[in-house]
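Undergrad: Handing over my_file-v5.tsv, TSV, C-alpha atoms and all ligand atoms.
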chain	number	residue	atom	x	y	z
A	1	MET	CA	13.44	93.86	99.11
A	2	ALA	CA	12.93	93.12	102.81
A	3	SER	CA	13.42	95.72	105.56
A	4	VAL	CA	12.62	96.01	109.30
A	5	PHE	CA	9.11	96.97	108.23
A	6	THR	CA	8.42	93.98	105.99
A	7	GLY	CA	5.49	91.88	107.18
A	8	ARG	CA	4.99	94.13	110.18
A	9	SER	CA	1.63	95.47	111.35
A	10	PHE	CA	0.98	99.12	112.21
A	11	LEU	CA	-1.28	98.99	115.27
A	12	LYS	CA	-0.01	101.84	117.47
A	13	LEU	CA	3.00	104.17	117.48
A	14	LEU	CA	4.18	102.78	120.82
A	15	ASP	CA	5.31	99.70	118.84
A	16	TYR	CA	7.63	101.83	116.68
A	17	SER	CA	10.95	103.46	117.63
A	18	THR	CA	11.76	107.11	117.02
A	19	GLU	CA	14.11	106.05	114.22
A	20	GLU	CA	11.45	103.89	112.58
A	21	ILE	CA	8.90	106.70	112.67
A	22	ARG	CA	11.56	108.98	111.16
A	23	GLU	CA	12.08	106.45	108.35
A	24	LEU	CA	8.34	106.29	107.65
A	25	LEU	CA	8.15	110.09	107.52
A	26	ASP	CA	11.10	110.28	105.13
A	27	LEU	CA	9.55	107.56	102.98
A	28	SER	CA	6.26	109.51	102.95
A	29	LYS	CA	8.09	112.61	101.72
A	30	ARG	CA	9.76	110.61	98.96
A	31	LEU	CA	6.53	108.95	97.83
A	32	LYS	CA	4.72	112.30	97.92
A	33	ALA	CA	7.39	113.97	95.78
A	34	GLU	CA	7.37	111.04	93.33
A	35	LYS	CA	3.59	111.17	92.99
A	36	LYS	CA	3.68	114.94	92.38
A	37	ALA	CA	6.33	114.30	89.71
A	38	GLY	CA	4.03	111.78	88.03
A	39	LYS	CA	6.16	108.70	88.72
A	40	ASP	CA	4.54	105.31	88.20
A	41	GLN	CA	4.46	103.75	91.70
A	42	ARG	CA	2.74	100.45	90.85
A	43	CYS	CA	5.19	98.11	92.50
A	44	PHE	CA	2.69	95.63	93.93
A	45	VAL	CA	0.75	94.57	90.84
A	46	GLY	CA	-0.95	91.22	91.54
A	47	LYS	CA	-1.25	91.84	95.29
A	48	ASN	CA	-4.46	92.78	97.12
A	49	ILE	CA	-5.52	94.52	100.31
A	50	VAL	CA	-8.86	94.68	102.14
A	51	LEU	CA	-10.26	97.64	104.06
A	52	LEU	CA	-12.51	96.62	106.93
A	53	PHE	CA	-14.59	99.47	108.34
A	54	GLU	CA	-16.88	99.06	111.37
A	55	LYS	CA	-17.09	102.86	111.70
A	56	THR	CA	-17.62	105.44	108.96
A	57	SER	CA	-14.78	107.33	107.24
A	58	THR	CA	-13.91	109.72	104.43
A	59	ARG	CA	-10.17	110.44	104.70
A	60	THR	CA	-8.91	107.09	105.95
A	61	ARG	CA	-10.89	105.00	103.51
A	62	CYS	CA	-10.09	107.21	100.50
A	63	SER	CA	-6.42	107.44	101.48
A	64	PHE	CA	-6.09	103.66	101.67
A	65	GLU	CA	-7.95	103.28	98.35
A	66	VAL	CA	-5.90	105.87	96.47
A	67	ALA	CA	-2.60	104.84	98.03
A	68	GLY	CA	-3.35	101.19	97.32
A	69	ARG	CA	-4.27	101.84	93.69
A	70	ASP	CA	-1.23	104.11	93.19
A	71	LEU	CA	0.89	101.17	94.37
A	72	GLY	CA	-0.78	98.81	91.90
A	73	LEU	CA	-2.75	96.90	94.54
A	74	GLY	CA	-6.23	95.47	94.20
A	75	VAL	CA	-8.40	97.05	96.91
A	76	THR	CA	-11.59	95.64	98.49
A	77	TYR	CA	-13.72	97.84	100.77
A	78	LEU	CA	-16.03	96.26	103.34
A	79	ASP	CA	-18.44	98.78	104.86
A	80	PRO	CA	-19.73	98.84	108.45
A	81	GLY	CA	-22.71	96.61	107.62
A	82	SER	CA	-21.49	94.17	105.04
A	83	SER	CA	-19.09	91.67	106.55
A	84	GLN	CA	-19.87	88.73	108.82
A	85	MET	CA	-17.15	89.77	111.27
A	86	GLY	CA	-18.22	89.77	114.90
A	87	LYS	CA	-21.86	88.95	114.08
A	88	LYS	CA	-21.72	85.52	112.45
A	89	GLU	CA	-17.97	84.93	112.45
A	90	SER	CA	-15.35	85.54	115.13
A	91	ILE	CA	-12.57	88.06	114.64
A	92	GLU	CA	-10.06	85.21	114.66
A	93	ASP	CA	-11.85	83.24	111.93
A	94	THR	CA	-12.33	86.37	109.85
A	95	ALA	CA	-8.62	87.12	110.16
A	96	LYS	CA	-7.69	83.60	109.04
A	97	VAL	CA	-9.93	83.87	105.97
A	98	LEU	CA	-8.78	87.36	104.97
A	99	GLY	CA	-5.15	86.38	105.52
A	100	ARG	CA	-5.58	83.63	102.89
A	101	LEU	CA	-6.96	86.06	100.32
A	102	TYR	CA	-5.16	89.34	100.93
A	103	ASP	CA	-1.63	90.65	101.40
A	104	GLY	CA	-2.68	93.28	103.97
A	105	ILE	CA	-5.70	94.29	106.06
A	106	GLU	CA	-6.81	97.73	107.20
A	107	TYR	CA	-9.22	97.83	110.15
A	108	ARG	CA	-11.26	100.69	111.60
A	109	GLY	CA	-13.52	99.94	114.52
A	110	TYR	CA	-13.94	99.85	118.25
A	111	ALA	CA	-11.65	97.75	120.45
A	112	GLN	CA	-7.87	97.92	120.07
A	113	LYS	CA	-7.99	94.21	120.94
A	114	THR	CA	-9.82	93.53	117.65
A	115	VAL	CA	-7.07	95.00	115.50
A	116	GLU	CA	-4.50	93.12	117.57
A	117	THR	CA	-6.37	89.83	117.11
A	118	LEU	CA	-6.58	90.45	113.37
A	119	ALA	CA	-2.82	90.96	113.30
A	120	GLU	CA	-2.09	87.85	115.37
A	121	ALA	CA	-4.41	85.53	113.45
A	122	SER	CA	-4.21	86.70	109.84
A	123	GLY	CA	-0.50	86.22	109.15
A	124	VAL	CA	-0.41	89.40	107.04
A	125	PRO	CA	0.30	93.04	107.99
A	126	VAL	CA	-2.66	94.77	109.64
A	127	TRP	CA	-3.00	98.56	109.67
A	128	ASN	CA	-4.99	100.34	112.37
A	129	GLY	CA	-7.28	102.87	110.67
A	130	LEU	CA	-8.67	104.02	114.07
A	131	THR	CA	-9.87	102.27	117.19
A	132	ASP	CA	-11.33	103.66	120.41
A	133	ASP	CA	-7.75	103.81	121.77
A	134	PHE	CA	-5.46	104.89	118.92
A	135	HIS	CA	-5.34	106.46	115.45
A	136	PRO	CA	-1.71	105.88	114.39
A	137	THR	CA	-1.94	106.57	110.64
A	138	GLN	CA	-3.37	110.02	111.49
A	139	MET	CA	-0.20	110.66	113.51
A	140	LEU	CA	2.15	110.23	110.56
A	141	ALA	CA	0.12	112.76	108.55
A	142	ASP	CA	0.15	115.22	111.46
A	143	LEU	CA	3.89	114.90	111.98
A	144	LEU	CA	4.57	115.25	108.26
A	145	THR	CA	2.41	118.39	108.06
A	146	ILE	CA	4.21	119.93	111.04
A	147	GLU	CA	7.65	119.09	109.65
A	148	GLU	CA	6.80	120.42	106.19
A	149	HIS	CA	5.72	123.70	107.77
A	150	PHE	CA	8.39	124.27	110.44
A	151	GLY	CA	11.24	122.31	108.84
A	152	LYS	CA	11.68	120.32	112.07
A	153	LEU	CA	9.85	118.48	114.83
A	154	GLU	CA	12.19	118.46	117.83
A	155	GLY	CA	11.67	121.22	120.37
A	156	LEU	CA	8.34	122.49	118.98
A	157	ASN	CA	5.56	123.19	121.49
A	158	PHE	CA	2.37	121.25	120.76
A	159	CYS	CA	-0.94	121.56	122.57
A	160	PHE	CA	-4.00	119.33	122.22
A	161	MET	CA	-7.18	121.13	123.37
A	162	GLY	CA	-10.35	119.35	124.40
A	163	ASP	CA	-11.18	115.68	124.99
A	164	CYS	CA	-7.66	114.60	125.97
A	165	ARG	CA	-8.52	110.93	126.47
A	166	ASN	CA	-9.87	110.23	123.04
A	167	ASN	CA	-8.06	108.13	120.42
A	168	VAL	CA	-6.50	111.12	118.62
A	169	ALA	CA	-5.30	112.90	121.78
A	170	ARG	CA	-3.80	109.70	123.23
A	171	SER	CA	-2.04	108.99	119.94
A	172	LEU	CA	-0.72	112.55	119.67
A	173	MET	CA	0.75	112.31	123.14
A	174	VAL	CA	2.73	109.25	122.03
A	175	ALA	CA	3.66	110.74	118.63
A	176	CYS	CA	4.94	113.99	120.13
A	177	VAL	CA	7.12	112.50	122.85
A	178	LYS	CA	8.49	109.89	120.43
A	179	MET	CA	9.58	112.66	118.06
A	180	GLY	CA	10.84	115.17	120.65
A	181	LEU	CA	8.00	117.72	120.65
A	182	ASN	CA	6.89	119.21	123.97
A	183	PHE	CA	3.32	117.99	124.43
A	184	SER	CA	0.59	119.64	126.49
A	185	ALA	CA	-2.82	118.08	126.99
A	186	CYS	CA	-5.30	120.81	127.86
A	187	GLY	CA	-8.82	119.90	128.95
A	188	PRO	CA	-10.97	119.21	132.00
A	189	ARG	CA	-9.38	116.76	134.43
A	190	GLU	CA	-12.13	114.19	133.98
A	191	LEU	CA	-11.13	113.97	130.30
A	192	TRP	CA	-7.38	113.59	130.81
A	193	PRO	CA	-5.66	110.48	129.42
A	194	ASP	CA	-5.29	107.40	131.62
A	195	GLN	CA	-2.40	107.43	134.09
A	196	GLU	CA	-0.86	104.30	132.56
A	197	LEU	CA	-0.32	106.02	129.20
A	198	ILE	CA	0.83	109.23	130.89
A	199	ASP	CA	3.49	107.23	132.77
A	200	VAL	CA	4.70	105.49	129.60
A	201	CYS	CA	4.85	108.79	127.70
A	202	THR	CA	6.60	110.60	130.57
A	203	GLU	CA	9.35	108.00	130.38
A	204	ILE	CA	9.66	108.36	126.58
A	205	ALA	CA	9.71	112.17	126.92
A	206	LYS	CA	12.63	111.90	129.35
A	207	GLN	CA	14.61	109.78	126.88
A	208	ASN	CA	13.90	112.25	124.06
A	209	SER	CA	14.59	115.42	126.08
A	210	CYS	CA	11.10	116.86	125.71
A	211	LYS	CA	8.33	117.68	128.16
A	212	LEU	CA	4.87	116.29	128.80
A	213	LYS	CA	2.38	118.50	130.60
A	214	LEU	CA	-1.30	118.32	131.53
A	215	THR	CA	-3.39	121.35	132.40
A	216	ASP	CA	-7.03	122.26	132.76
A	217	ASP	CA	-6.35	125.95	132.15
A	218	PRO	CA	-6.94	126.93	128.49
A	219	VAL	CA	-5.06	130.23	128.93
A	220	GLU	CA	-1.96	128.54	130.29
A	221	GLY	CA	-2.35	125.64	127.84
A	222	SER	CA	-2.38	127.79	124.70
A	223	ARG	CA	0.28	130.32	125.68
A	224	GLY	CA	3.31	130.32	123.37
A	225	GLN	CA	2.34	127.09	121.57
A	226	ASP	CA	3.59	126.42	118.03
A	227	ILE	CA	0.80	123.99	117.19
A	228	ILE	CA	-2.75	123.98	118.55
A	229	TYR	CA	-4.71	120.85	117.72
A	230	THR	CA	-8.26	119.86	118.52
A	231	ASP	CA	-10.76	117.14	117.68
A	232	ILE	CA	-14.53	116.71	117.89
A	233	TRP	CA	-16.06	116.67	121.38
A	234	VAL	CA	-17.96	113.38	120.97
A	235	SER	CA	-16.16	110.57	119.16
A	236	MET	CA	-17.60	107.77	117.03
A	237	GLY	CA	-19.06	105.04	119.21
A	238	GLU	CA	-19.92	107.39	122.09
A	239	ASP	CA	-23.57	107.86	123.02
A	240	GLU	CA	-25.46	110.84	121.60
A	241	SER	CA	-26.76	111.57	125.09
A	242	ILE	CA	-23.36	112.85	126.25
A	243	TRP	CA	-23.46	115.93	123.99
A	244	ALA	CA	-24.97	118.15	126.70
A	245	ASP	CA	-22.27	117.27	129.25
A	246	ARG	CA	-19.45	117.50	126.72
A	247	ILE	CA	-20.51	120.95	125.56
A	248	LYS	CA	-20.50	122.17	129.15
A	249	GLN	CA	-17.11	120.54	129.83
A	250	LEU	CA	-15.34	121.55	126.61
A	251	LYS	CA	-16.73	124.96	125.65
A	252	PRO	CA	-13.92	126.77	127.51
A	253	TYR	CA	-11.41	124.85	125.34
A	254	GLN	CA	-12.83	125.91	121.97
A	255	VAL	CA	-9.99	126.97	119.64
A	256	ASN	CA	-10.93	130.51	118.62
A	257	SER	CA	-9.07	133.68	117.62
A	258	GLU	CA	-8.63	134.75	121.23
A	259	MET	CA	-6.91	131.46	121.96
A	260	MET	CA	-4.75	131.55	118.81
A	261	ALA	CA	-3.64	135.08	119.77
A	262	ARG	CA	-2.07	133.63	122.93
A	263	ALA	CA	-0.09	131.05	120.93
A	264	SER	CA	3.24	131.87	119.27
A	265	ASP	CA	3.18	134.43	116.42
A	266	SER	CA	3.81	131.70	113.86
A	267	ALA	CA	1.43	129.14	115.42
A	268	ILE	CA	-0.54	126.77	113.21
A	269	PHE	CA	-3.89	125.06	113.76
A	270	LEU	CA	-4.42	121.35	113.06
A	271	HIS	CA	-7.47	119.06	113.29
A	272	CYS	CA	-7.78	115.43	112.17
A	273	LEU	CA	-11.24	116.24	110.69
A	274	PRO	CA	-14.17	115.96	110.31
A	275	SER	CA	-14.86	119.19	112.20
A	276	PHE	CA	-17.92	121.00	113.51
A	277	HIS	CA	-16.86	124.58	112.75
A	278	ASP	CA	-20.17	125.70	111.21
A	279	ARG	CA	-23.78	124.58	110.80
A	280	LEU	CA	-23.28	122.96	107.40
A	281	THR	CA	-23.68	119.38	108.65
A	282	THR	CA	-26.73	117.56	109.97
A	283	VAL	CA	-25.02	117.04	113.35
A	284	GLY	CA	-23.89	120.67	113.48
A	285	GLU	CA	-27.40	121.83	112.71
A	286	ALA	CA	-28.96	119.48	115.29
A	287	ILE	CA	-26.53	120.78	117.95
A	288	HIS	CA	-27.43	124.31	116.97
A	289	GLU	CA	-31.12	123.57	117.42
A	290	ARG	CA	-30.61	121.86	120.79
A	291	PHE	CA	-27.90	124.04	122.33
A	292	GLY	CA	-27.71	127.22	120.24
A	293	LEU	CA	-24.05	126.69	119.23
A	294	THR	CA	-23.00	127.71	115.73
A	295	GLU	CA	-19.49	126.23	116.01
A	296	MET	CA	-17.97	123.78	118.43
A	297	GLU	CA	-14.37	122.63	118.99
A	298	VAL	CA	-12.98	125.31	116.62
A	299	SER	CA	-14.40	128.61	115.46
A	300	ASP	CA	-15.14	128.98	111.77
A	301	GLU	CA	-12.76	131.95	111.73
A	302	VAL	CA	-9.76	129.90	112.94
A	303	PHE	CA	-10.69	126.92	110.77
A	304	ARG	CA	-10.62	129.10	107.63
A	305	SER	CA	-7.63	131.24	108.71
A	306	PRO	CA	-4.17	131.10	107.08
A	307	ALA	CA	-2.87	129.43	110.28
A	308	SER	CA	-5.11	126.45	109.60
A	309	LEU	CA	-3.29	123.66	107.72
A	310	VAL	CA	-6.10	121.14	108.01
A	311	PHE	CA	-6.37	120.38	104.30
A	312	ASP	CA	-2.61	119.89	103.87
A	313	GLU	CA	-2.94	117.53	106.84
A	314	ALA	CA	-5.85	115.70	105.18
A	315	GLU	CA	-3.87	115.27	101.93
A	316	ASN	CA	-0.93	113.95	103.91
A	317	ARG	CA	-3.10	111.10	105.17
A	318	MET	CA	-2.75	109.54	101.73
A	319	HIS	CA	1.01	109.99	101.33
A	320	THR	CA	1.75	108.65	104.83
A	321	ILE	CA	-0.66	105.72	104.53
A	322	LYS	CA	1.05	104.91	101.24
A	323	ALA	CA	4.38	104.81	103.08
A	324	VAL	CA	3.00	102.41	105.70
A	325	ILE	CA	1.55	100.05	103.07
A	326	TYR	CA	4.70	100.27	100.94
A	327	ALA	CA	7.03	99.55	103.86
A	328	SER	CA	5.06	96.69	105.36
A	329	LEU	CA	4.58	94.95	102.03
A	330	GLY	CA	8.35	95.12	101.52
A	331	GLY	CA	8.52	98.07	99.07
A	332	CYS	CA	10.23	97.72	95.72
A	333	ASP	CA	13.49	99.34	96.73
A	334	LEU	CA	13.75	99.38	100.52
A	335	ALA	CA	17.21	98.64	101.97
A	401	LIG	N1	-9.28	111.93	110.22
A	401	LIG	C1	-9.95	110.84	109.87
A	401	LIG	O1	-9.63	109.72	110.27
A	401	LIG	O2	-10.98	111.07	109.02
A	401	LIG	P1	-12.08	110.00	108.55
A	401	LIG	O3	-12.92	109.68	109.75
A	401	LIG	O4	-12.84	110.70	107.48
A	401	LIG	O5	-11.37	108.79	108.04
A	402	LIG	N1	-11.93	111.14	117.84
A	402	LIG	C1	-12.59	111.04	116.57
A	402	LIG	C2	-11.59	110.98	115.47
A	402	LIG	C3	-12.18	110.93	114.08
A	402	LIG	C4	-11.13	110.87	113.00
A	402	LIG	C5	-13.47	109.80	116.55
A	402	LIG	O1	-13.02	108.74	117.01
A	402	LIG	O2	-14.62	109.90	116.12
Represent the structure contained in this file as structure tokens.
TA:
Amino acid sequence: MASVFTGRSFLKLLDYSTEEIRELLDLSKRLKAEKKAGKDQRCFVGKNIVLLFEKTSTRTRCSFEVAGRDLGLGVTYLDPGSSQMGKKESIEDTAKVLGRLYDGIEYRGYAQKTVETLAEASGVPVWNGLTDDFHPTQMLADLLTIEEHFGKLEGLNFCFMGDCRNNVARSLMVACVKMGLNFSACGPRELWPDQELIDVCTEIAKQNSCKLKLTDDPVEGSRGQDIIYTDIWVSMGEDESIWADRIKQLKPYQVNSEMMARASDSAIFLHCLPSFHDRLTTVGEAIHERFGLTEMEVSDEVFRSPASLVFDEAENRMHTIKAVIYASLGGCDLA
């Protein structure tokens, strides 16, 4: 059955109204409950989707694969090295080919423009699985996790700590003001989001009676917050050589127990993952050897604390991605 979501791409949350995001969250809750109850959700048998990854992934890829299979879809995965796209074939031509074969396309890569071109040229729904600018499917999982924990979204105080102009921070700023959370970006001024997005989000915040704040003071930024969120200090696609500068810039914004103690008594910690909270990764170990750090954007203690809901958040990637696929393919029973 067709709905306002049918045939529509999911490229950034700015394209969706507060009410539409609410509907996707409610649909996610329903699909999650149905899956837990063992309901057969295969309503798209005979349809197929393709997952196009120009950057690596664990959560996003697996969430699309599991969600797709749960919904009865055939799923093709193209890894960062194995399609012709961009190298021997333009984005537009690739989109036209994939649009003939598939009912939906997921894309993770670099330019936001690429995912937009795929959507324009393919004629099928395209889902943004992360670009340099935005990570919208992550946002639905974050909002769902917050709502499951606090029983609401509106009026909560949310702080993003660290590299405030990366894809996750920019997306969170949009997600929070769209859904009525007070959003603080806390990080060094040179890593604040671009003024254009700040202006757009300030306007949305006004309409939704919430506040948008930027600060470079980690003490002020963390005080009284309900949710403290951080992300890695160097994102995919950025040059390795910036680690030294980033560590210097972002060390004061590490989420540790001292910082969590300044947040509200019932504060939670979120992180999109993957996270460098110990030395158990090759990158973590290399950073330790070069700079002596044993943990980076979040301390191991906070990461493993009861306030940390990062694995609920990771699971919710799948349920929310399922909702996006379900809605844009015109789910079995949507009004
Ligand atoms: N959070 C997230 O997008 O994780 P992956 O990079 O593993 O997909
Ligand atoms: N900002 C991070 C998010 C990873 C999910 C990156 O782009 O690498």
Undergrad: Could you work out how far atom CA of Leu144 of chain A lies from atom CA of Leu25 of chain A, giving the answer in Å with one decimal?
TA: 6.3 Å
Undergrad: May I ask which of the residues A:Ala323, A:Leu293, A:Leu214, A:Ala185 is the closest one to Lys251 of chain A, counting all atoms listed in the file?
TA: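 Looking at the shortest contact to Lys251 of chain A, the residue is A:Leu293.
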Undergrad: Could you list, as an NGL selection string, all residues that come within 6 Å of ligand LIG 402 (chain A)? Count all atoms listed in the file.
TA: :A and (166-168 or 235-236 or 272-273)
Undergrad: I need the residue nearest Lys47 of chain A from this list: A:Ile105, A:Met139, A:Ile247, A:Ala261. Use all atoms listed in the file for the distance.
TA: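 With all atoms listed in the file as the atom set, the closest residue is A:Ile105.
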Undergrad: Just want the residues within 6 Å of ligand LIG 401 (chain A), written as a list in words, counting only C-alpha atoms and all ligand atoms.
TA: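 Written in the requested form, the residues are Ser57, Thr58, Arg59, Thr60, Arg61, Cys272, Leu273 and Pro274 of chain A.
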Undergrad: Tell me which of A:Glu196, A:Glu289, A:Lys178, A:Asn157 sits closest to Gln225 of chain A, counting only C-alpha atoms.
TA: A:Asn157
Undergrad: Determine, counting only C-alpha atoms, every residue of protein, DNA or RNA that lies within 7 Å of (6.8, 93.9, 104.6) in the file coordinates, then give the result as a list in words.
TA: Ala2, Ser3, Phe5, Thr6, Gly7, Arg8, Ala327, Ser328, Leu329 and Gly330 of chain A
Undergrad: Store the residues picked out above in a file with C-alpha atoms, as a CSV table (one decimal), in the frame of the given file.
TA:
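Generated output (again-v8.csv):
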chain,number,residue,atom,x,y,z
A,2,ALA,CA,12.9,93.1,102.8
A,3,SER,CA,13.4,95.7,105.6
A,5,PHE,CA,9.1,97.0,108.2
A,6,THR,CA,8.4,94.0,106.0
A,7,GLY,CA,5.5,91.9,107.2
A,8,ARG,CA,5.0,94.1,110.2
A,327,ALA,CA,7.0,99.6,103.9
A,328,SER,CA,5.1,96.7,105.4
A,329,LEU,CA,4.6,95.0,102.0
A,330,GLY,CA,8.4,95.1,101.5
Undergrad: So that I can check the surroundings of Thr18 of chain A, please list as a ChimeraX atom specification every protein, DNA and RNA residue that reaches within 9 Å of it, counting all atoms listed in the file and ignoring chain neighbours fewer than 4 positions away.
TA: /A:22-23,178-180,208
Undergrad: So that all listed atoms of segment 88-106 of chain A fit with 3 Å spare on each side, what axis-aligned box centre and edge lengths in Å, to one decimal, would you give as JSON?
TA:
{"center_x": -11.7, "center_y": 90.5, "center_z": 107.7, "size_x": 26.1, "size_y": 20.5, "size_z": 20.8}
Undergrad: Within 9 Å of segment 313-318 of chain A, counting all atoms listed in the file, which residues qualify if same-chain residues fewer than 3 places away don't, as number ranges by chain?
TA: A: 28, 32, 59-60, 62-67, 137-146, 270-273, 309-310, 321-323
Undergrad: Compile the contact shell of Ala169 of chain A as number ranges by chain: residues with an atom at most 12 Å away, counting only C-alpha atoms, same-chain residues fewer than 6 positions apart removed.
TA: A: 132-136, 138-139, 142, 158-163, 175-176, 183-187, 191-194, 197-198, 214, 228-233, 235, 271-272
Undergrad: Let me make sure I understand: among A:Ile268, A:Leu212, A:Ser257, A:Val219, which one has the smallest atom-to-atom distance to Glu147 of chain A if we use only C-alpha atoms?
TA: A:Ile268
Undergrad: Kindly indicate which residue among A:Arg108, A:Gly68, A:Thr114, A:Lys12 lies nearest to Ser171 of chain A, using all atoms listed in the file for the distances.
TA: A:Lys12
Undergrad: State, in Å with one decimal place, the distance from atom CA of Leu51 of chain A to atom CA of Tyr77 of chain A.
TA: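 Result for atom CA of Leu51 of chain A versus atom CA of Tyr77 of chain A: 4.8 Å, one decimal.
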Undergrad: From the set A:Asp199, A:Arg30, A:Thr56, A:Met296, which residue has the shortest atom-to-atom contact distance to Trp243 of chain A, counting all atoms listed in the file?
TA: A:Met296
Undergrad: Quick one, how far is atom CA of Ser299 of chain A from atom CA of His277 of chain A?
TA: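 Going from atom CA of Ser299 of chain A over to atom CA of His277 of chain A covers 5.4 Å.
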Undergrad: (-5.4, 98.1, 116.3) in this file's frame - what residues fall within 8 Å of it? Use all atoms listed in the file and give the answer as a PDB file with C-alpha atoms, in the coordinates of the input.
TA:
ATOM      1  CA  PHE A  10       0.980  99.120 112.210  1.00  0.00           C
ATOM      2  CA  LEU A  11      -1.280  98.990 115.270  1.00  0.00           C
ATOM      3  CA  LYS A  12      -0.010 101.840 117.470  1.00  0.00           C
ATOM      4  CA  TYR A 107      -9.220  97.830 110.150  1.00  0.00           C
ATOM      5  CA  ARG A 108     -11.260 100.690 111.600  1.00  0.00           C
ATOM      6  CA  ALA A 111     -11.650  97.750 120.450  1.00  0.00           C
ATOM      7  CA  GLN A 112      -7.870  97.920 120.070  1.00  0.00           C
ATOM      8  CA  LYS A 113      -7.990  94.210 120.940  1.00  0.00           C
ATOM      9  CA  THR A 114      -9.820  93.530 117.650  1.00  0.00           C
ATOM     10  CA  VAL A 115      -7.070  95.000 115.500  1.00  0.00           C
ATOM     11  CA  GLU A 116      -4.500  93.120 117.570  1.00  0.00           C
ATOM     12  CA  VAL A 126      -2.660  94.770 109.640  1.00  0.00           C
ATOM     13  CA  TRP A 127      -3.000  98.560 109.670  1.00  0.00           C
ATOM     14  CA  ASN A 128      -4.990 100.340 112.370  1.00  0.00           C
ATOM     15  CA  GLY A 129      -7.280 102.870 110.670  1.00  0.00           C
ATOM     16  CA  LEU A 130      -8.670 104.020 114.070  1.00  0.00           C
ATOM     17  CA  THR A 131      -9.870 102.270 117.190  1.00  0.00           C
ATOM     18  CA  PHE A 134      -5.460 104.890 118.920  1.00  0.00           C
TER      19      PHE A 134
END
Undergrad: List as a VMD selection string the protein and nucleic acid residues near segment 93-103 of chain A, meaning an atom at most 8 Å away when only C-alpha atoms are counted, but skip any in the same chain fewer than 5 places from it.
TA: chain A and resid 47 to 50 84 to 85 117 to 119 121 to 125 329
